[in-house]
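One structure is given below, encoded as C-alpha coordinates.
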Protein chains: 2
Amino acid sequence: MPVTFASTLDMLADRGYRLTRPRQAVLRALFEDDDWLRPEEVLTHAREHFPSVGLVTVYRTLGLLEELGVVRRIHVEPGCHGYALAGLGHGHYLTCRSCHRVLEFPGREDLSPLIRQISRHTGFVVEDHLLELSGTCATCRRRRRSAPRRRREP
Amino acid sequence: MPVTFASTLDMLADRGYRLTRPRQAVLRALFEDDDWLRPEEVLTHAREHFPSVGLVTVYRTLGLLEELGVVRRIHVEPGCHGYALAGLGHGHYLTCRSCHRVLEFPGREDLSPLIRQISRHTGFVVEDHLLELSGTCATCRRRRRSAPRRRREP
DNA sequence: ATTGTTATTGAAATAGTTTTTCAATAAGTA
DNA sequence: TACTTATTGAAAAACTATTTCAATAACAAT
(Lines give C-alpha, C1' and ligand atoms only; values in the text may rest on other atoms or scores of the structure.)
Protein backbone atom coordinates (compact mmCIF):
# COMPACT_ATOMS: atom_id res chain seq x y z
CA MET A 1 0.00 0.00 0.00
CA PRO A 2 1.50 3.29 -1.09
CA VAL A 3 1.79 6.11 1.40
CA THR A 4 -0.46 8.98 0.37
CA PHE A 5 -1.23 12.41 1.71
CA ALA A 6 -4.49 11.13 3.19
CA SER A 7 -3.01 7.97 4.66
CA THR A 8 -0.31 10.00 6.33
CA LEU A 9 -2.91 12.28 7.90
CA ASP A 10 -4.69 9.21 9.19
CA MET A 11 -1.49 7.84 10.56
CA LEU A 12 -0.76 11.07 12.39
CA ALA A 13 -4.27 11.17 13.84
CA ASP A 14 -4.08 7.56 14.91
CA ARG A 15 -0.95 8.25 16.86
CA GLY A 16 -2.49 11.22 18.59
CA TYR A 17 -0.80 13.98 16.64
CA ARG A 18 -2.98 16.96 15.81
CA LEU A 19 -3.75 17.66 12.20
CA THR A 20 -2.79 21.29 12.25
CA ARG A 21 -2.81 23.51 9.20
CA PRO A 22 0.95 24.09 9.28
CA ARG A 23 1.56 20.36 9.37
CA GLN A 24 -0.79 19.77 6.50
CA ALA A 25 0.89 22.48 4.51
CA VAL A 26 4.30 20.87 4.99
CA LEU A 27 2.90 17.50 4.05
CA ARG A 28 1.28 18.87 0.90
CA ALA A 29 4.57 20.46 -0.10
CA LEU A 30 6.29 17.10 0.16
CA PHE A 31 3.59 15.16 -1.63
CA GLU A 32 3.31 17.64 -4.47
CA ASP A 33 6.95 17.45 -5.31
CA ASP A 34 8.31 14.25 -6.69
CA ASP A 35 11.85 15.11 -5.84
CA TRP A 36 13.80 15.79 -2.71
CA LEU A 37 13.71 19.25 -1.15
CA ARG A 38 15.81 21.26 1.23
CA PRO A 39 14.13 22.52 4.39
CA GLU A 40 14.15 26.02 2.96
CA GLU A 41 12.40 24.81 -0.17
CA VAL A 42 9.86 22.92 1.87
CA LEU A 43 9.12 26.18 3.65
CA THR A 44 8.57 28.04 0.40
CA HIS A 45 6.18 25.45 -0.93
CA ALA A 46 4.37 25.00 2.36
CA ARG A 47 3.72 28.73 2.47
CA GLU A 48 1.77 28.45 -0.74
CA HIS A 49 -0.74 26.51 1.26
CA PHE A 50 -0.53 28.27 4.57
CA PRO A 51 1.43 31.49 4.41
CA SER A 52 2.19 31.88 8.07
CA VAL A 53 4.15 28.64 8.56
CA GLY A 54 7.54 29.21 10.04
CA LEU A 55 10.79 27.48 9.34
CA VAL A 56 10.87 26.04 12.84
CA THR A 57 7.67 24.16 12.21
CA VAL A 58 9.05 22.86 8.96
CA TYR A 59 12.03 21.41 10.78
CA ARG A 60 9.87 19.95 13.49
CA THR A 61 7.47 18.41 11.03
CA LEU A 62 10.24 16.97 8.90
CA GLY A 63 11.77 15.45 11.99
CA LEU A 64 8.47 13.91 12.95
CA LEU A 65 7.82 12.55 9.50
CA GLU A 66 11.27 11.08 9.39
CA GLU A 67 10.68 9.29 12.69
CA LEU A 68 7.48 7.90 11.28
CA GLY A 69 9.25 6.75 8.16
CA VAL A 70 7.26 8.97 5.81
CA VAL A 71 10.24 10.91 4.59
CA ARG A 72 13.84 10.00 4.14
CA ARG A 73 16.63 12.35 4.94
CA ILE A 74 19.36 12.38 2.35
CA HIS A 75 22.77 13.89 2.28
CA VAL A 76 23.19 16.65 -0.27
CA GLU A 77 25.80 19.31 -0.76
CA PRO A 78 26.01 22.07 -0.11
CA GLY A 79 24.07 22.51 3.10
CA CYS A 80 23.85 18.88 4.01
CA HIS A 81 20.22 17.94 4.30
CA GLY A 82 17.46 17.17 1.89
CA TYR A 83 14.21 15.38 2.45
CA ALA A 84 12.35 13.09 0.11
CA LEU A 85 9.22 11.06 0.49
CA ALA A 86 10.30 7.61 1.54
CA GLY A 87 8.26 6.11 -1.28
CA LEU A 88 10.22 7.85 -4.00
CA GLY A 89 13.01 5.93 -5.57
CA HIS A 90 14.98 3.65 -3.35
CA GLY A 91 17.52 5.88 -1.76
CA HIS A 92 19.95 5.64 -4.63
CA TYR A 93 21.68 8.82 -5.64
CA LEU A 94 24.44 10.02 -7.86
CA THR A 95 26.04 13.25 -6.72
CA CYS A 96 28.51 15.24 -8.73
CA ARG A 97 31.47 16.50 -6.75
CA SER A 98 32.00 19.37 -9.06
CA CYS A 99 28.55 20.91 -9.61
CA HIS A 100 26.82 19.24 -6.66
CA ARG A 101 23.89 18.22 -8.75
CA VAL A 102 22.05 15.20 -7.49
CA LEU A 103 20.59 12.58 -9.76
CA GLU A 104 18.40 9.81 -8.50
CA PHE A 105 18.72 6.45 -10.11
CA PRO A 106 16.39 3.52 -9.88
CA GLY A 107 18.10 0.71 -8.02
CA ARG A 108 17.08 -2.21 -10.10
CA GLU A 109 19.36 -4.64 -8.40
CA ASP A 110 18.53 -5.91 -5.01
CA LEU A 111 20.50 -5.10 -1.91
CA SER A 112 18.41 -7.25 0.37
CA PRO A 113 20.72 -10.29 0.50
CA LEU A 114 23.50 -8.03 1.67
CA ILE A 115 21.21 -6.35 4.16
CA ARG A 116 20.03 -9.63 5.58
CA GLN A 117 23.61 -10.73 6.05
CA ILE A 118 24.55 -7.53 7.87
CA SER A 119 21.52 -7.83 10.12
CA ARG A 120 22.49 -11.30 11.20
CA HIS A 121 26.04 -10.24 11.90
CA THR A 122 25.33 -7.09 13.86
CA GLY A 123 21.88 -7.33 15.38
CA PHE A 124 20.87 -4.18 13.54
CA VAL A 125 17.35 -3.97 12.23
CA VAL A 126 17.89 -2.23 8.93
CA GLU A 127 14.96 0.03 8.12
CA ASP A 128 16.29 1.98 5.22
CA HIS A 129 19.34 2.43 3.10
CA LEU A 130 21.11 5.11 1.21
CA LEU A 131 23.47 4.38 -1.62
CA GLU A 132 25.26 7.42 -2.81
CA LEU A 133 27.69 7.28 -5.66
CA SER A 134 29.86 10.32 -6.00
CA GLY A 135 31.93 11.30 -8.94
CA THR A 136 31.94 13.63 -11.86
CA CYS A 137 28.96 14.09 -14.12
CA ALA A 138 29.27 14.11 -17.86
CA THR A 139 28.95 17.89 -18.12
CA CYS A 140 31.61 18.67 -15.56
CA ARG A 141 33.92 16.08 -17.03
CA ARG A 142 33.77 17.78 -20.40
CA ARG A 143 34.34 21.17 -18.80
CA ARG A 144 37.36 19.91 -16.88
CA ARG A 145 38.87 18.27 -19.85
CA SER A 146 38.79 21.47 -21.84
CA ALA A 147 40.28 23.52 -19.00
CA PRO A 148 42.45 21.35 -16.81
CA ARG A 149 43.58 22.85 -13.56
CA ARG A 150 47.18 22.25 -12.52
CA ARG A 151 48.95 23.81 -9.64
CA ARG A 152 52.39 23.73 -11.09
CA GLU A 153 54.17 23.34 -14.35
CA PRO A 154 56.87 20.67 -14.03
CA MET B 1 50.11 0.57 -2.78
CA PRO B 2 48.56 1.74 0.46
CA VAL B 3 48.42 5.42 1.22
CA THR B 4 50.62 6.22 4.18
CA PHE B 5 51.49 9.33 6.13
CA ALA B 6 54.81 9.58 4.32
CA SER B 7 53.41 8.93 0.87
CA THR B 8 50.81 11.61 1.43
CA LEU B 9 53.49 14.10 2.37
CA ASP B 10 55.33 13.20 -0.81
CA MET B 11 52.18 13.63 -2.82
CA LEU B 12 51.57 17.07 -1.35
CA ALA B 13 55.14 18.13 -2.05
CA ASP B 14 54.97 16.80 -5.60
CA ARG B 15 51.94 18.92 -6.28
CA GLY B 16 53.59 22.00 -4.91
CA TYR B 17 51.85 22.19 -1.57
CA ARG B 18 53.97 23.19 1.37
CA LEU B 19 54.55 20.72 4.14
CA THR B 20 53.63 22.99 6.99
CA ARG B 21 53.51 21.89 10.58
CA PRO B 22 49.74 22.48 10.89
CA ARG B 23 49.12 20.32 7.84
CA GLN B 24 51.33 17.59 9.14
CA ALA B 25 49.55 17.69 12.48
CA VAL B 26 46.17 17.26 10.80
CA LEU B 27 47.50 14.43 8.71
CA ARG B 28 48.96 12.67 11.74
CA ALA B 29 45.63 12.94 13.51
CA LEU B 30 43.92 11.22 10.64
CA PHE B 31 46.52 8.51 10.22
CA GLU B 32 46.67 7.71 13.91
CA ASP B 33 42.98 7.09 14.18
CA ASP B 34 41.56 4.11 12.39
CA ASP B 35 38.07 5.47 12.47
CA TRP B 36 36.30 8.47 11.09
CA LEU B 37 36.49 11.80 12.92
CA ARG B 38 34.49 14.99 13.04
CA PRO B 39 36.35 18.20 12.18
CA GLU B 40 36.24 19.17 15.84
CA GLU B 41 37.85 15.86 16.80
CA VAL B 42 40.49 16.24 14.14
CA LEU B 43 41.31 19.60 15.69
CA THR B 44 41.70 18.10 19.16
CA HIS B 45 44.01 15.37 17.95
CA ALA B 46 45.97 17.64 15.67
CA ARG B 47 46.64 19.95 18.61
CA GLU B 48 48.41 17.12 20.37
CA HIS B 49 51.04 17.45 17.68
CA PHE B 50 50.98 21.16 17.09
CA PRO B 51 49.04 23.06 19.73
CA SER B 52 48.46 26.24 17.81
CA VAL B 53 46.54 24.78 14.86
CA GLY B 54 43.23 26.46 14.32
CA LEU B 55 39.92 25.01 13.26
CA VAL B 56 40.06 26.93 10.01
CA THR B 57 43.20 25.15 8.99
CA VAL B 58 41.63 21.84 9.87
CA TYR B 59 38.76 22.57 7.53
CA ARG B 60 41.06 23.73 4.80
CA THR B 61 43.32 20.75 5.12
CA LEU B 62 40.43 18.31 5.17
CA GLY B 63 39.05 19.93 2.06
CA LEU B 64 42.39 19.65 0.35
CA LEU B 65 42.85 16.03 1.35
CA GLU B 66 39.39 15.21 0.15
CA GLU B 67 40.14 16.75 -3.24
CA LEU B 68 43.25 14.65 -3.43
CA GLY B 69 41.33 11.53 -2.54
CA VAL B 70 43.22 10.91 0.68
CA VAL B 71 40.20 11.23 2.90
CA ARG B 72 36.56 10.50 2.32
CA ARG B 73 33.82 12.67 3.66
CA ILE B 74 31.01 10.71 5.18
CA HIS B 75 27.61 11.66 6.39
CA VAL B 76 27.14 11.26 10.12
CA GLU B 77 24.55 12.52 12.55
CA PRO B 78 24.43 14.70 14.37
CA GLY B 79 26.44 17.47 12.80
CA CYS B 80 26.60 16.09 9.31
CA HIS B 81 30.22 15.63 8.44
CA GLY B 82 32.86 13.13 9.35
CA TYR B 83 36.15 12.38 7.63
CA ALA B 84 37.86 9.04 7.28
CA LEU B 85 40.99 7.99 5.50
CA ALA B 86 39.93 6.83 2.09
CA GLY B 87 41.79 3.57 2.63
CA LEU B 88 39.70 2.56 5.61
CA GLY B 89 36.77 0.31 4.96
CA HIS B 90 34.85 0.87 1.81
CA GLY B 91 32.37 3.53 2.65
CA HIS B 92 29.91 1.14 4.21
CA TYR B 93 28.21 2.28 7.36
CA LEU B 94 25.45 1.27 9.68
CA THR B 95 23.90 4.15 11.57
CA CYS B 96 21.44 3.81 14.39
CA ARG B 97 18.51 6.18 14.20
CA SER B 98 18.02 6.10 17.89
CA CYS B 99 21.47 6.57 19.41
CA HIS B 100 23.20 7.85 16.25
CA ARG B 101 26.11 5.54 16.72
CA VAL B 102 27.91 4.65 13.55
CA LEU B 103 29.32 1.23 12.83
CA GLU B 104 31.48 0.54 9.86
CA PHE B 105 31.09 -2.76 8.14
CA PRO B 106 33.39 -4.38 5.69
CA GLY B 107 31.69 -4.53 2.35
CA ARG B 108 32.65 -7.95 1.26
CA GLU B 109 30.33 -8.02 -1.68
CA ASP B 110 31.15 -6.10 -4.74
CA LEU B 111 29.22 -3.13 -5.97
CA SER B 112 31.29 -2.65 -9.07
CA PRO B 113 28.94 -4.36 -11.54
CA LEU B 114 26.19 -2.00 -10.43
CA ILE B 115 28.52 0.95 -10.61
CA ARG B 116 29.66 0.09 -14.08
CA GLN B 117 26.08 -0.17 -15.23
CA ILE B 118 25.20 3.23 -13.77
CA SER B 119 28.24 4.80 -15.41
CA ARG B 120 27.23 3.57 -18.81
CA HIS B 121 23.68 4.81 -18.38
CA THR B 122 24.44 8.27 -17.05
CA GLY B 123 27.90 9.27 -18.19
CA PHE B 124 28.95 9.72 -14.58
CA VAL B 125 32.45 8.75 -13.62
CA VAL B 126 31.92 7.20 -10.24
CA GLU B 127 34.88 7.86 -7.98
CA ASP B 128 33.56 6.76 -4.64
CA HIS B 129 30.51 5.38 -3.00
CA LEU B 130 28.73 5.52 0.28
CA LEU B 131 26.37 2.83 1.40
CA GLU B 132 24.61 3.73 4.56
CA LEU B 133 22.17 1.40 6.19
CA SER B 134 20.04 3.02 8.84
CA GLY B 135 17.95 1.29 11.40
CA THR B 136 17.97 0.39 15.04
CA CYS B 137 20.95 -1.16 16.74
CA ALA B 138 20.62 -4.14 19.04
CA THR B 139 20.99 -2.06 22.19
CA CYS B 140 18.36 0.48 21.28
CA ARG B 141 16.01 -2.22 20.15
CA ARG B 142 16.19 -3.89 23.54
CA ARG B 143 15.70 -0.59 25.31
CA ARG B 144 12.66 0.23 23.22
CA ARG B 145 11.11 -3.13 23.72
CA SER B 146 11.32 -2.87 27.47
CA ALA B 147 9.90 0.67 27.52
CA PRO B 148 7.67 1.17 24.51
CA ARG B 149 6.74 4.71 23.79
CA ARG B 150 3.17 5.33 22.76
CA ARG B 151 1.53 8.63 22.44
CA ARG B 152 -1.89 7.48 23.29
CA GLU B 153 -3.60 4.63 25.07
CA PRO B 154 -6.33 3.15 22.88
C1' DA C 1 73.35 31.30 5.97
C1' DT C 2 70.50 35.04 4.29
C1' DT C 3 67.05 36.91 1.63
C1' DG C 4 62.87 37.19 -1.09
C1' DT C 5 58.57 35.37 -2.64
C1' DT C 6 54.31 33.85 -1.75
C1' DA C 7 51.47 29.91 -0.02
C1' DT C 8 49.64 29.28 4.29
C1' DT C 9 48.14 30.42 8.74
C1' DG C 10 45.17 32.01 12.87
C1' DA C 11 41.90 35.25 14.61
C1' DA C 12 37.93 37.63 13.83
C1' DA C 13 34.12 38.45 11.30
C1' DT C 14 30.52 36.52 8.56
C1' DA C 15 27.27 33.35 6.69
C1' DG C 16 24.26 29.68 7.10
C1' DT C 17 21.72 25.94 9.26
C1' DT C 18 19.37 23.79 13.02
C1' DT C 19 17.70 23.85 17.81
C1' DT C 20 15.85 25.81 22.06
C1' DT C 21 12.83 28.76 24.66
C1' DC C 22 8.50 30.54 25.72
C1' DA C 23 4.16 32.99 25.67
C1' DA C 24 0.24 32.73 22.55
C1' DT C 25 -2.69 29.91 19.78
C1' DA C 26 -5.77 26.52 18.06
C1' DA C 27 -6.95 21.32 17.69
C1' DG C 28 -9.53 17.95 19.58
C1' DT C 29 -12.35 16.50 23.54
C1' DA C 30 -15.71 16.78 27.04
C1' DT D 1 -18.94 26.40 24.40
C1' DA D 2 -15.32 25.79 27.32
C1' DC D 3 -11.22 23.17 28.58
C1' DT D 4 -6.83 21.01 28.09
C1' DT D 5 -2.65 20.84 26.19
C1' DA D 6 -0.07 19.83 21.86
C1' DT D 7 1.60 22.87 18.68
C1' DT D 8 3.01 27.16 16.81
C1' DG D 9 5.93 31.41 15.42
C1' DA D 10 9.33 34.74 16.72
C1' DA D 11 13.45 35.63 18.86
C1' DA D 12 17.48 34.01 20.66
C1' DA D 13 20.94 30.69 20.96
C1' DA D 14 23.92 26.98 19.43
C1' DC D 15 26.56 25.11 15.95
C1' DT D 16 28.95 24.42 11.74
C1' DA D 17 31.44 26.16 7.98
C1' DT D 18 33.48 29.90 5.15
C1' DT D 19 35.61 34.38 4.06
C1' DT D 20 38.81 38.09 4.94
C1' DC D 21 43.19 39.82 5.90
C1' DA D 22 47.53 41.03 8.06
C1' DA D 23 51.26 38.22 9.85
C1' DT D 24 54.02 34.14 9.37
C1' DA D 25 56.90 30.56 7.80
C1' DA D 26 58.09 27.22 3.72
C1' DC D 27 60.88 26.85 0.26
C1' DA D 28 63.89 28.44 -3.57
C1' DA D 29 67.29 31.36 -4.96
C1' DT D 30 71.02 33.47 -3.82
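Going by the C-alpha coordinates order, chains are called A, B, ..., each with residues numbered from 1, while ligands are numbered from 1 in the order shown.
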- Query: When the cut-off is 9 Å and we count only C-alpha atoms, which residues of chain A are near chain B, given as a PyMOL selection string?
  - Reply: chain A and resi 14-17+67+75+80-81+94+96+105+107+109+114-115+118+122-139+141+150-152
Report as CSV the residues of chain C within 12 Å of chain B, each with its shortest atom pair and distance in Å (one decimal), using only C-alpha atoms (C1' of nucleotides), ordered by chain and increasing residue number.
residue,atom,partner,partner_atom,distance
C:DT6,C1',B:Arg18,CA,11.1
C:DA7,C1',B:Arg18,CA,7.3
C:DT8,C1',B:Thr20,CA,7.9
C:DT9,C1',B:Thr57,CA,7.2
C:DG10,C1',B:Gly54,CA,6.1
C:DA11,C1',B:Gly54,CA,8.9
C:DA12,C1',B:Val56,CA,11.6
C:DT17,C1',B:Gly79,CA,10.3
C:DT18,C1',B:Gly79,CA,9.5
C:DT19,C1',B:Pro78,CA,11.9
Would you save the residues of that selection, restricted to N, CA and C atoms (P, O5', C5', C4', C3', O3' and C1' of nucleotides), as a PDB file, in the first residue's frame?
ATOM      1  P    DT C   6      56.218  35.897  -6.040  1.00  0.00           P
ATOM      2  O5'  DT C   6      55.340  34.985  -5.064  1.00  0.00           O
ATOM      3  C5'  DT C   6      55.591  33.583  -4.990  1.00  0.00           C
ATOM      4  C4'  DT C   6      54.798  33.013  -3.834  1.00  0.00           C
ATOM      5  C3'  DT C   6      53.336  33.466  -3.767  1.00  0.00           C
ATOM      6  O3'  DT C   6      52.576  32.372  -3.310  1.00  0.00           O
ATOM      7  C1'  DT C   6      54.311  33.853  -1.747  1.00  0.00           C
ATOM      8  P    DA C   7      51.471  31.726  -4.253  1.00  0.00           P
ATOM      9  O5'  DA C   7      51.160  30.366  -3.483  1.00  0.00           O
ATOM     10  C5'  DA C   7      52.174  29.397  -3.363  1.00  0.00           C
ATOM     11  C4'  DA C   7      52.119  28.771  -1.995  1.00  0.00           C
ATOM     12  C3'  DA C   7      50.756  28.261  -1.571  1.00  0.00           C
ATOM     13  O3'  DA C   7      51.007  27.070  -0.854  1.00  0.00           O
ATOM     14  C1'  DA C   7      51.475  29.906  -0.024  1.00  0.00           C
ATOM     15  P    DT C   8      49.856  26.222  -0.189  1.00  0.00           P
ATOM     16  O5'  DT C   8      49.750  26.849   1.270  1.00  0.00           O
ATOM     17  C5'  DT C   8      50.856  26.702   2.145  1.00  0.00           C
ATOM     18  C4'  DT C   8      50.528  27.316   3.487  1.00  0.00           C
ATOM     19  C3'  DT C   8      49.153  26.965   4.046  1.00  0.00           C
ATOM     20  O3'  DT C   8      49.357  26.269   5.258  1.00  0.00           O
ATOM     21  C1'  DT C   8      49.638  29.279   4.290  1.00  0.00           C
ATOM     22  P    DT C   9      48.158  25.822   6.163  1.00  0.00           P
ATOM     23  O5'  DT C   9      48.172  26.971   7.260  1.00  0.00           O
ATOM     24  C5'  DT C   9      49.334  27.136   8.063  1.00  0.00           C
ATOM     25  C4'  DT C   9      49.139  28.333   8.970  1.00  0.00           C
ATOM     26  C3'  DT C   9      47.861  28.256   9.778  1.00  0.00           C
ATOM     27  O3'  DT C   9      48.193  28.054  11.144  1.00  0.00           O
ATOM     28  C1'  DT C   9      48.141  30.418   8.740  1.00  0.00           C
ATOM     29  P    DG C  10      47.085  27.558  12.135  1.00  0.00           P
ATOM     30  O5'  DG C  10      46.642  28.936  12.773  1.00  0.00           O
ATOM     31  C5'  DG C  10      47.610  29.700  13.490  1.00  0.00           C
ATOM     32  C4'  DG C  10      46.966  30.963  13.988  1.00  0.00           C
ATOM     33  C3'  DG C  10      45.705  30.758  14.820  1.00  0.00           C
ATOM     34  O3'  DG C  10      45.728  31.726  15.859  1.00  0.00           O
ATOM     35  C1'  DG C  10      45.166  32.012  12.869  1.00  0.00           C
ATOM     36  P    DA C  11      44.698  31.680  17.042  1.00  0.00           P
ATOM     37  O5'  DA C  11      43.868  33.026  16.793  1.00  0.00           O
ATOM     38  C5'  DA C  11      44.590  34.235  16.564  1.00  0.00           C
ATOM     39  C4'  DA C  11      43.607  35.326  16.206  1.00  0.00           C
ATOM     40  C3'  DA C  11      42.276  35.276  16.947  1.00  0.00           C
ATOM     41  O3'  DA C  11      41.961  36.578  17.401  1.00  0.00           O
ATOM     42  C1'  DA C  11      41.895  35.247  14.612  1.00  0.00           C
ATOM     43  P    DA C  12      40.573  36.835  18.154  1.00  0.00           P
ATOM     44  O5'  DA C  12      39.704  37.562  17.029  1.00  0.00           O
ATOM     45  C5'  DA C  12      40.354  38.484  16.150  1.00  0.00           C
ATOM     46  C4'  DA C  12      39.342  38.977  15.132  1.00  0.00           C
ATOM     47  C3'  DA C  12      37.919  39.095  15.674  1.00  0.00           C
ATOM     48  O3'  DA C  12      37.312  40.267  15.149  1.00  0.00           O
ATOM     49  C1'  DA C  12      37.933  37.633  13.832  1.00  0.00           C
ATOM     50  P    DT C  17      21.528  27.789   4.439  1.00  0.00           P
ATOM     51  O5'  DT C  17      21.469  26.763   5.656  1.00  0.00           O
ATOM     52  C5'  DT C  17      22.541  25.855   5.841  1.00  0.00           C
ATOM     53  C4'  DT C  17      22.384  25.170   7.179  1.00  0.00           C
ATOM     54  C3'  DT C  17      20.983  24.630   7.455  1.00  0.00           C
ATOM     55  O3'  DT C  17      21.139  23.315   7.955  1.00  0.00           O
ATOM     56  C1'  DT C  17      21.719  25.942   9.258  1.00  0.00           C
ATOM     57  P    DT C  18      19.946  22.293   7.931  1.00  0.00           P
ATOM     58  O5'  DT C  18      19.585  22.193   9.478  1.00  0.00           O
ATOM     59  C5'  DT C  18      20.577  21.686  10.370  1.00  0.00           C
ATOM     60  C4'  DT C  18      20.223  22.047  11.793  1.00  0.00           C
ATOM     61  C3'  DT C  18      18.825  21.607  12.248  1.00  0.00           C
ATOM     62  O3'  DT C  18      19.008  20.637  13.267  1.00  0.00           O
ATOM     63  C1'  DT C  18      19.366  23.795  13.017  1.00  0.00           C
ATOM     64  P    DT C  19      17.877  20.098  14.160  1.00  0.00           P
ATOM     65  O5'  DT C  19      17.959  21.027  15.443  1.00  0.00           O
ATOM     66  C5'  DT C  19      19.205  21.174  16.112  1.00  0.00           C
ATOM     67  C4'  DT C  19      19.006  21.960  17.401  1.00  0.00           C
ATOM     68  C3'  DT C  19      17.797  21.526  18.231  1.00  0.00           C
ATOM     69  O3'  DT C  19      18.241  21.422  19.574  1.00  0.00           O
ATOM     70  C1'  DT C  19      17.698  23.850  17.810  1.00  0.00           C
TER      71       DT C  19
END
- Message: Residues of chain D within 10 Å of chain A, counting only C-alpha atoms (C1' of nucleotides), what are they? List them as number ranges by chain.
- Response: D: 6-10, 17
- Distance of C1' of DT18 (chain D) from CA of Leu64 (chain B), expressed in Å to one decimal place: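 Separating CA of Leu64 (chain B) from C1' of DT18 (chain D) is a distance of 14.4 Å.
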- as an MDAnalysis selection string, which residues of region 22-138 of chain B does DSSP assign to strand (DSSP E or B)? chainID B and resid 37 71:76 80:85 92:96 102:104 125:136
- Item | Long-range neighbours of DA30 (chain C) as a list in words, 12 Å cut-off, only C-alpha atoms (C1' of nucleotides), 6 positions minimum in chain |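 Once the nearby chain positions are removed, what remains is DT1, DA2, DC3 and DT4 of chain D.
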- Within 12 Å of His45 (chain A), counting only C-alpha atoms (C1' of nucleotides), which residues show up once you throw out same-chain ones fewer than 5 positions away? Write them as a ChimeraX atom specification, please. /A:22,24-33,37-40,50-55,58
